[in-house]
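First up is the structure itself, then whatever we jot down about it.
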Amino acid sequence: QVQLVESGGGLVQPGGSLRLSCAASGSIASFNRLGWYRQAPGKERELVAVFTNFGTTYVDSVKGRFTISRDNAKNTVYLQMNSLKAEDTAVYYCNMLTTINTNYWGQGTQVTVSS
């Protein structure tokens with residue numbers, strides 16, 4: 001069992017920045033997928049940025065603005081979000097698909113971009 005705990009969400013003005021953190025209760029050194037999804041009101045959950053065995057994947061709408069990173073020693077994955085837009089407003093979820101294909105989600109953290 002892996003627990004994922006997100007933090008770092010909040011209210012930010014358009015053009016601002018936030019850094020999300022996801023602390024895992026176990027090792028993140030090996031996985032099939034590790035990263036971030038988001039769900040806006042009335043919309044389906046979508047991939048934002050993930051690490052996979054094939055590299056790093058970003059949704060087109062955040063390329064050049066968001067950066068995913070991880071610290072294996074701290075079992076933590078981050079999402080640096082710059083140049084935030086109103087359309088980035090959503091609940092952001094941390095996700096981990098383990099090497100045995102067990103899928104874990106965090107509880108989510110709200111990001112609101114508004115003036």
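The chains in the structure tokens are called A, B, ... from first to last as shown; in each chain the residues are counted from 1, and the ligands are counted from 1 in the order shown.
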Residues within 10 Å of Thr56 in chain A, only C-alpha atoms, excluding chain neighbours under 5 positions, as a list of chain:residue names: A:Arg33, A:Leu34, A:Gly35, A:Ala49, A:Val50, A:Phe51, A:Thr67, A:Ile68, A:Ser69
Could you take the residues named above and write them with all heavy atoms, as a PDB file, in the first residue's frame?
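Output contents, as saved in result_33.pdb:
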ATOM      1  N   ARG A  33       4.458   4.444 -13.909  1.00  0.00           N
ATOM      2  CA  ARG A  33       4.030   5.812 -14.190  1.00  0.00           C
ATOM      3  C   ARG A  33       3.990   6.581 -12.871  1.00  0.00           C
ATOM      4  O   ARG A  33       3.525   6.074 -11.867  1.00  0.00           O
ATOM      5  CB  ARG A  33       2.644   5.842 -14.850  1.00  0.00           C
ATOM      6  CG  ARG A  33       2.188   7.233 -15.272  1.00  0.00           C
ATOM      7  CD  ARG A  33       0.767   7.192 -15.861  1.00  0.00           C
ATOM      8  NE  ARG A  33      -0.209   6.801 -14.866  1.00  0.00           N
ATOM      9  CZ  ARG A  33      -1.017   5.757 -14.996  1.00  0.00           C
ATOM     10  NH1 ARG A  33      -0.935   4.984 -16.057  1.00  0.00           N
ATOM     11  NH2 ARG A  33      -1.902   5.468 -14.056  1.00  0.00           N
ATOM     12  N   LEU A  34       4.462   7.808 -12.879  1.00  0.00           N
ATOM     13  CA  LEU A  34       4.481   8.632 -11.676  1.00  0.00           C
ATOM     14  C   LEU A  34       4.321  10.074 -12.086  1.00  0.00           C
ATOM     15  O   LEU A  34       5.103  10.566 -12.902  1.00  0.00           O
ATOM     16  CB  LEU A  34       5.807   8.455 -10.921  1.00  0.00           C
ATOM     17  CG  LEU A  34       6.028   9.353  -9.686  1.00  0.00           C
ATOM     18  CD1 LEU A  34       5.033   9.009  -8.598  1.00  0.00           C
ATOM     19  CD2 LEU A  34       7.460   9.198  -9.175  1.00  0.00           C
ATOM     20  N   GLY A  35       3.316  10.732 -11.532  1.00  0.00           N
ATOM     21  CA  GLY A  35       3.188  12.131 -11.870  1.00  0.00           C
ATOM     22  C   GLY A  35       1.873  12.743 -11.479  1.00  0.00           C
ATOM     23  O   GLY A  35       1.296  12.380 -10.460  1.00  0.00           O
ATOM     24  N   ALA A  49       1.417  15.862 -16.310  1.00  0.00           N
ATOM     25  CA  ALA A  49       2.838  15.592 -16.496  1.00  0.00           C
ATOM     26  C   ALA A  49       3.185  14.313 -15.738  1.00  0.00           C
ATOM     27  O   ALA A  49       2.833  14.189 -14.562  1.00  0.00           O
ATOM     28  CB  ALA A  49       3.695  16.742 -15.989  1.00  0.00           C
ATOM     29  N   VAL A  50       3.836  13.386 -16.421  1.00  0.00           N
ATOM     30  CA  VAL A  50       4.189  12.124 -15.784  1.00  0.00           C
ATOM     31  C   VAL A  50       5.558  11.655 -16.228  1.00  0.00           C
ATOM     32  O   VAL A  50       6.011  11.961 -17.335  1.00  0.00           O
ATOM     33  CB  VAL A  50       3.167  11.007 -16.079  1.00  0.00           C
ATOM     34  CG1 VAL A  50       1.820  11.320 -15.451  1.00  0.00           C
ATOM     35  CG2 VAL A  50       3.044  10.744 -17.572  1.00  0.00           C
ATOM     36  N   PHE A  51       6.189  10.892 -15.340  1.00  0.00           N
ATOM     37  CA  PHE A  51       7.347  10.094 -15.697  1.00  0.00           C
ATOM     38  C   PHE A  51       6.840   8.702 -16.066  1.00  0.00           C
ATOM     39  O   PHE A  51       5.974   8.143 -15.396  1.00  0.00           O
ATOM     40  CB  PHE A  51       8.305   9.943 -14.509  1.00  0.00           C
ATOM     41  CG  PHE A  51       8.952  11.206 -14.045  1.00  0.00           C
ATOM     42  CD1 PHE A  51       8.572  11.812 -12.858  1.00  0.00           C
ATOM     43  CD2 PHE A  51       9.979  11.788 -14.771  1.00  0.00           C
ATOM     44  CE1 PHE A  51       9.168  12.971 -12.410  1.00  0.00           C
ATOM     45  CE2 PHE A  51      10.592  12.944 -14.335  1.00  0.00           C
ATOM     46  CZ  PHE A  51      10.186  13.543 -13.152  1.00  0.00           C
ATOM     47  N   THR A  67       6.963  22.043 -15.091  1.00  0.00           N
ATOM     48  CA  THR A  67       8.087  21.117 -15.067  1.00  0.00           C
ATOM     49  C   THR A  67       7.887  20.107 -13.952  1.00  0.00           C
ATOM     50  O   THR A  67       7.671  20.482 -12.796  1.00  0.00           O
ATOM     51  CB  THR A  67       9.419  21.863 -14.831  1.00  0.00           C
ATOM     52  OG1 THR A  67       9.592  22.862 -15.837  1.00  0.00           O
ATOM     53  CG2 THR A  67      10.585  20.890 -14.883  1.00  0.00           C
ATOM     54  N   ILE A  68       7.972  18.837 -14.307  1.00  0.00           N
ATOM     55  CA  ILE A  68       7.890  17.768 -13.311  1.00  0.00           C
ATOM     56  C   ILE A  68       9.301  17.358 -12.915  1.00  0.00           C
ATOM     57  O   ILE A  68      10.216  17.336 -13.753  1.00  0.00           O
ATOM     58  CB  ILE A  68       7.080  16.560 -13.848  1.00  0.00           C
ATOM     59  CG1 ILE A  68       6.807  15.560 -12.730  1.00  0.00           C
ATOM     60  CG2 ILE A  68       7.763  15.921 -15.043  1.00  0.00           C
ATOM     61  CD1 ILE A  68       5.845  14.439 -13.137  1.00  0.00           C
ATOM     62  N   SER A  69       9.472  17.064 -11.647  1.00  0.00           N
ATOM     63  CA  SER A  69      10.765  16.593 -11.159  1.00  0.00           C
ATOM     64  C   SER A  69      10.524  15.672  -9.975  1.00  0.00           C
ATOM     65  O   SER A  69       9.407  15.584  -9.466  1.00  0.00           O
ATOM     66  CB  SER A  69      11.663  17.764 -10.747  1.00  0.00           C
ATOM     67  OG  SER A  69      11.089  18.496  -9.687  1.00  0.00           O
TER      68      SER A  69
END
Hey, what's within 6 Å of range 23-31 of chain A if we count only C-alpha atoms and toss same-chain stuff fewer than 5 positions away? As an MDAnalysis selection string, please? chainID A and resid 2:5 72 75:76 98:99
With all heavy atoms kept, could you save the residues just selected as a PDB file, in the first residue's frame?
ATOM      1  N   VAL A   2       0.592   2.153  -0.917  1.00  0.00           N
ATOM      2  CA  VAL A   2       1.338   3.408  -1.004  1.00  0.00           C
ATOM      3  C   VAL A   2       0.366   4.549  -0.758  1.00  0.00           C
ATOM      4  O   VAL A   2      -0.713   4.604  -1.350  1.00  0.00           O
ATOM      5  CB  VAL A   2       1.998   3.566  -2.390  1.00  0.00           C
ATOM      6  CG1 VAL A   2       2.667   4.928  -2.501  1.00  0.00           C
ATOM      7  CG2 VAL A   2       3.004   2.451  -2.630  1.00  0.00           C
ATOM      8  N   GLN A   3       0.746   5.453   0.099  1.00  0.00           N
ATOM      9  CA  GLN A   3      -0.041   6.671   0.305  1.00  0.00           C
ATOM     10  C   GLN A   3       0.668   7.837  -0.356  1.00  0.00           C
ATOM     11  O   GLN A   3       1.895   7.971  -0.247  1.00  0.00           O
ATOM     12  CB  GLN A   3      -0.232   6.939   1.798  1.00  0.00           C
ATOM     13  CG  GLN A   3      -1.131   5.916   2.484  1.00  0.00           C
ATOM     14  CD  GLN A   3      -1.403   6.251   3.934  1.00  0.00           C
ATOM     15  OE1 GLN A   3      -0.584   6.859   4.611  1.00  0.00           O
ATOM     16  NE2 GLN A   3      -2.565   5.857   4.415  1.00  0.00           N
ATOM     17  N   LEU A   4      -0.123   8.653  -1.032  1.00  0.00           N
ATOM     18  CA  LEU A   4       0.395   9.836  -1.714  1.00  0.00           C
ATOM     19  C   LEU A   4      -0.279  11.064  -1.109  1.00  0.00           C
ATOM     20  O   LEU A   4      -1.511  11.129  -1.060  1.00  0.00           O
ATOM     21  CB  LEU A   4       0.101   9.764  -3.213  1.00  0.00           C
ATOM     22  CG  LEU A   4       0.626   8.530  -3.953  1.00  0.00           C
ATOM     23  CD1 LEU A   4       0.091   8.489  -5.388  1.00  0.00           C
ATOM     24  CD2 LEU A   4       2.146   8.507  -3.946  1.00  0.00           C
ATOM     25  N   VAL A   5       0.515  12.019  -0.681  1.00  0.00           N
ATOM     26  CA  VAL A   5      -0.024  13.218  -0.035  1.00  0.00           C
ATOM     27  C   VAL A   5       0.469  14.451  -0.782  1.00  0.00           C
ATOM     28  O   VAL A   5       1.672  14.743  -0.788  1.00  0.00           O
ATOM     29  CB  VAL A   5       0.383  13.291   1.448  1.00  0.00           C
ATOM     30  CG1 VAL A   5      -0.189  14.553   2.088  1.00  0.00           C
ATOM     31  CG2 VAL A   5      -0.093  12.045   2.191  1.00  0.00           C
ATOM     32  N   ASN A  72      14.225  11.141  -5.357  1.00  0.00           N
ATOM     33  CA  ASN A  72      14.052   9.765  -4.894  1.00  0.00           C
ATOM     34  C   ASN A  72      14.427   9.608  -3.421  1.00  0.00           C
ATOM     35  O   ASN A  72      13.827   8.792  -2.721  1.00  0.00           O
ATOM     36  CB  ASN A  72      14.884   8.817  -5.744  1.00  0.00           C
ATOM     37  CG  ASN A  72      14.307   8.633  -7.146  1.00  0.00           C
ATOM     38  OD1 ASN A  72      13.208   9.095  -7.436  1.00  0.00           O
ATOM     39  ND2 ASN A  72      15.060   7.982  -8.015  1.00  0.00           N
ATOM     40  N   ASN A  75      11.450  10.578  -1.598  1.00  0.00           N
ATOM     41  CA  ASN A  75      10.215   9.939  -2.086  1.00  0.00           C
ATOM     42  C   ASN A  75       9.160  10.986  -2.431  1.00  0.00           C
ATOM     43  O   ASN A  75       7.983  10.841  -2.089  1.00  0.00           O
ATOM     44  CB  ASN A  75       9.665   8.949  -1.051  1.00  0.00           C
ATOM     45  CG  ASN A  75      10.579   7.761  -0.864  1.00  0.00           C
ATOM     46  OD1 ASN A  75      11.233   7.296  -1.804  1.00  0.00           O
ATOM     47  ND2 ASN A  75      10.654   7.255   0.347  1.00  0.00           N
ATOM     48  N   THR A  76       9.588  12.018  -3.125  1.00  0.00           N
ATOM     49  CA  THR A  76       8.708  13.144  -3.420  1.00  0.00           C
ATOM     50  C   THR A  76       8.809  13.517  -4.893  1.00  0.00           C
ATOM     51  O   THR A  76       9.903  13.542  -5.461  1.00  0.00           O
ATOM     52  CB  THR A  76       9.067  14.355  -2.550  1.00  0.00           C
ATOM     53  OG1 THR A  76       8.937  14.002  -1.171  1.00  0.00           O
ATOM     54  CG2 THR A  76       8.144  15.530  -2.850  1.00  0.00           C
ATOM     55  N   THR A  98       2.433   1.345  -9.984  1.00  0.00           N
ATOM     56  CA  THR A  98       3.623   0.611  -9.565  1.00  0.00           C
ATOM     57  C   THR A  98       4.080  -0.374 -10.638  1.00  0.00           C
ATOM     58  O   THR A  98       3.408  -0.569 -11.667  1.00  0.00           O
ATOM     59  CB  THR A  98       3.354  -0.163  -8.276  1.00  0.00           C
ATOM     60  OG1 THR A  98       2.460  -1.239  -8.562  1.00  0.00           O
ATOM     61  CG2 THR A  98       2.767   0.728  -7.198  1.00  0.00           C
ATOM     62  N   THR A  99       5.199  -1.012 -10.365  1.00  0.00           N
ATOM     63  CA  THR A  99       5.750  -1.985 -11.319  1.00  0.00           C
ATOM     64  C   THR A  99       4.881  -3.234 -11.437  1.00  0.00           C
ATOM     65  O   THR A  99       5.047  -4.004 -12.374  1.00  0.00           O
ATOM     66  CB  THR A  99       7.174  -2.378 -10.922  1.00  0.00           C
ATOM     67  OG1 THR A  99       7.172  -2.872  -9.584  1.00  0.00           O
ATOM     68  CG2 THR A  99       8.118  -1.181 -11.034  1.00  0.00           C
TER      69      THR A  99
END
Can you pull out every residue from chain A that DSSP, working from the backbone, puts in strand (DSSP E), and format the result as an MDAnalysis selection string? chainID A and resid 4:7 10:12 18:24 33:39 46:52 55:58 66:71 76:81 90:97 103:105 109:113
Report as a list in words all protein, DNA and RNA residues lying within 10 Å of Met81 in chain A, evaluated on only C-alpha atoms, omitting residues in the same chain fewer than 3 positions from it. Gly15, Gly16, Ser17, Leu18, Arg19, Leu20, Val62, Gly64, Arg65, Phe66, Thr67, Ile68, Tyr78, Leu84, Lys85 and Asp88 of chain A
Just write the chosen residues, all heavy atoms, as a tab-separated table (two decimals), in the first residue's frame.
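File out.tsv, as written:
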chain	number	residue	atom	x	y	z
A	15	GLY	N	-0.48	34.43	-14.37
A	15	GLY	CA	0.93	34.74	-14.56
A	15	GLY	C	1.81	34.34	-13.40
A	15	GLY	O	3.05	34.38	-13.51
A	16	GLY	N	1.21	33.94	-12.31
A	16	GLY	CA	1.96	33.55	-11.13
A	16	GLY	C	2.46	32.12	-11.19
A	16	GLY	O	2.30	31.42	-12.20
A	17	SER	N	3.09	31.69	-10.10
A	17	SER	CA	3.69	30.37	-10.02
A	17	SER	C	3.29	29.66	-8.74
A	17	SER	O	3.01	30.30	-7.72
A	17	SER	CB	5.22	30.47	-10.06
A	17	SER	OG	5.68	31.04	-11.26
A	18	LEU	N	3.28	28.34	-8.82
A	18	LEU	CA	3.09	27.48	-7.66
A	18	LEU	C	3.95	26.25	-7.86
A	18	LEU	O	4.22	25.85	-8.99
A	18	LEU	CB	1.64	27.04	-7.50
A	18	LEU	CG	0.60	28.01	-6.94
A	18	LEU	CD1	-0.79	27.38	-7.03
A	18	LEU	CD2	0.93	28.41	-5.52
A	19	ARG	N	4.35	25.65	-6.73
A	19	ARG	CA	5.02	24.36	-6.81
A	19	ARG	C	4.24	23.36	-5.96
A	19	ARG	O	4.07	23.54	-4.75
A	19	ARG	CB	6.47	24.42	-6.33
A	19	ARG	CG	7.20	23.11	-6.60
A	19	ARG	CD	8.66	23.15	-6.22
A	19	ARG	NE	8.89	22.93	-4.80
A	19	ARG	CZ	10.00	22.41	-4.29
A	19	ARG	NH1	11.00	22.06	-5.10
A	19	ARG	NH2	10.15	22.27	-2.99
A	20	LEU	N	3.78	22.31	-6.62
A	20	LEU	CA	3.10	21.23	-5.93
A	20	LEU	C	4.10	20.16	-5.53
A	20	LEU	O	5.07	19.91	-6.25
A	20	LEU	CB	2.02	20.62	-6.81
A	20	LEU	CG	0.97	21.57	-7.40
A	20	LEU	CD1	-0.06	20.78	-8.19
A	20	LEU	CD2	0.30	22.39	-6.32
A	62	VAL	N	0.42	22.60	-21.21
A	62	VAL	CA	1.33	23.05	-20.15
A	62	VAL	C	2.79	23.03	-20.58
A	62	VAL	O	3.67	23.44	-19.81
A	62	VAL	CB	1.16	22.23	-18.85
A	62	VAL	CG1	-0.30	22.19	-18.43
A	62	VAL	CG2	1.73	20.83	-18.99
A	64	GLY	N	6.30	23.93	-21.69
A	64	GLY	CA	7.00	25.20	-21.60
A	64	GLY	C	6.66	26.01	-20.38
A	64	GLY	O	7.34	27.00	-20.07
A	65	ARG	N	5.63	25.60	-19.64
A	65	ARG	CA	5.22	26.33	-18.43
A	65	ARG	C	5.37	25.48	-17.16
A	65	ARG	O	5.70	26.02	-16.10
A	65	ARG	CB	3.76	26.79	-18.55
A	65	ARG	CG	3.50	27.70	-19.73
A	65	ARG	CD	2.07	28.27	-19.67
A	65	ARG	NE	1.05	27.24	-19.75
A	65	ARG	CZ	0.11	27.05	-18.82
A	65	ARG	NH1	0.08	27.80	-17.73
A	65	ARG	NH2	-0.80	26.10	-18.99
A	66	PHE	N	5.10	24.20	-17.27
A	66	PHE	CA	5.16	23.30	-16.12
A	66	PHE	C	6.38	22.39	-16.25
A	66	PHE	O	6.76	21.99	-17.35
A	66	PHE	CB	3.93	22.42	-16.04
A	66	PHE	CG	2.64	23.13	-15.69
A	66	PHE	CD1	2.54	24.51	-15.69
A	66	PHE	CD2	1.52	22.39	-15.35
A	66	PHE	CE1	1.36	25.15	-15.36
A	66	PHE	CE2	0.32	23.01	-15.02
A	66	PHE	CZ	0.24	24.39	-15.04
A	67	THR	N	6.96	22.04	-15.09
A	67	THR	CA	8.09	21.12	-15.07
A	67	THR	C	7.89	20.11	-13.95
A	67	THR	O	7.67	20.48	-12.80
A	67	THR	CB	9.42	21.86	-14.83
A	67	THR	OG1	9.59	22.86	-15.84
A	67	THR	CG2	10.59	20.89	-14.88
A	68	ILE	N	7.97	18.84	-14.31
A	68	ILE	CA	7.89	17.77	-13.31
A	68	ILE	C	9.30	17.36	-12.91
A	68	ILE	O	10.22	17.34	-13.75
A	68	ILE	CB	7.08	16.56	-13.85
A	68	ILE	CG1	6.81	15.56	-12.73
A	68	ILE	CG2	7.76	15.92	-15.04
A	68	ILE	CD1	5.84	14.44	-13.14
A	78	TYR	N	7.49	16.53	-7.69
A	78	TYR	CA	7.10	17.93	-7.71
A	78	TYR	C	6.50	18.32	-9.05
A	78	TYR	O	6.77	17.70	-10.08
A	78	TYR	CB	8.33	18.81	-7.46
A	78	TYR	CG	9.07	18.51	-6.18
A	78	TYR	CD1	10.20	17.68	-6.19
A	78	TYR	CD2	8.65	19.04	-4.97
A	78	TYR	CE1	10.88	17.39	-5.02
A	78	TYR	CE2	9.33	18.76	-3.79
A	78	TYR	CZ	10.44	17.93	-3.82
A	78	TYR	OH	11.11	17.63	-2.66
A	84	LEU	N	0.91	30.74	-14.84
A	84	LEU	CA	-0.39	30.08	-14.67
A	84	LEU	C	-1.50	30.88	-15.33
A	84	LEU	O	-1.47	32.13	-15.36
A	84	LEU	CB	-0.67	29.88	-13.19
A	84	LEU	CG	0.08	28.69	-12.57
A	84	LEU	CD1	0.16	28.81	-11.06
A	84	LEU	CD2	-0.58	27.39	-12.97
A	85	LYS	N	-2.46	30.13	-15.84
A	85	LYS	CA	-3.61	30.70	-16.52
A	85	LYS	C	-4.89	30.28	-15.82
A	85	LYS	O	-4.91	29.27	-15.10
A	85	LYS	CB	-3.65	30.21	-17.97
A	85	LYS	CG	-2.38	30.48	-18.77
A	85	LYS	CD	-2.49	29.87	-20.16
A	85	LYS	CE	-1.21	30.10	-20.96
A	85	LYS	NZ	-1.31	29.50	-22.32
A	88	ASP	N	-5.88	26.72	-15.94
A	88	ASP	CA	-5.15	25.74	-15.14
A	88	ASP	C	-5.87	25.44	-13.83
A	88	ASP	O	-5.45	24.54	-13.09
A	88	ASP	CB	-3.74	26.24	-14.83
A	88	ASP	CG	-2.87	26.39	-16.07
A	88	ASP	OD1	-2.92	25.49	-16.93
A	88	ASP	OD2	-2.16	27.41	-16.17
Go through A:Glu6, A:Thr57, A:Tyr92, A:Val12 and flag the residue nearest Gln110 in chain A, using only C-alpha atoms for the distances. A:Tyr92
How many Å lie between CA of Asn82 in chain A and CA of Asn103 in chain A, rounded to one decimal?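 Pair CA of Asn82 in chain A / CA of Asn103 in chain A returns 28.0 Å.
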Could you name the residues that touch Glu87 in chain A at 12 Å or less, counting only C-alpha atoms, but leaving out those on the same chain fewer than 5 positions away, as a ChimeraX atom specification? /A:13-15,38-41,43,61-62,111-114
Between A:Gln1, A:Asn32, A:Thr52, A:Asn95, which has the minimum distance to Gly108 in chain A (counting only C-alpha atoms)?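 Nearest candidate to Gly108 in chain A out of A:Gln1, A:Asn32, A:Thr52, A:Asn95: A:Asn95.
Here CA of Leu97 in chain A stands at a distance of 13.5 Å from CA of Val77 in chain A.
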Can you pull out every residue within 6 Å of Tyr37 in chain A, counting only C-alpha atoms, but drop anything in the same chain fewer than 2 positions away, and send it as number ranges by chain? A: 46-48, 92-93
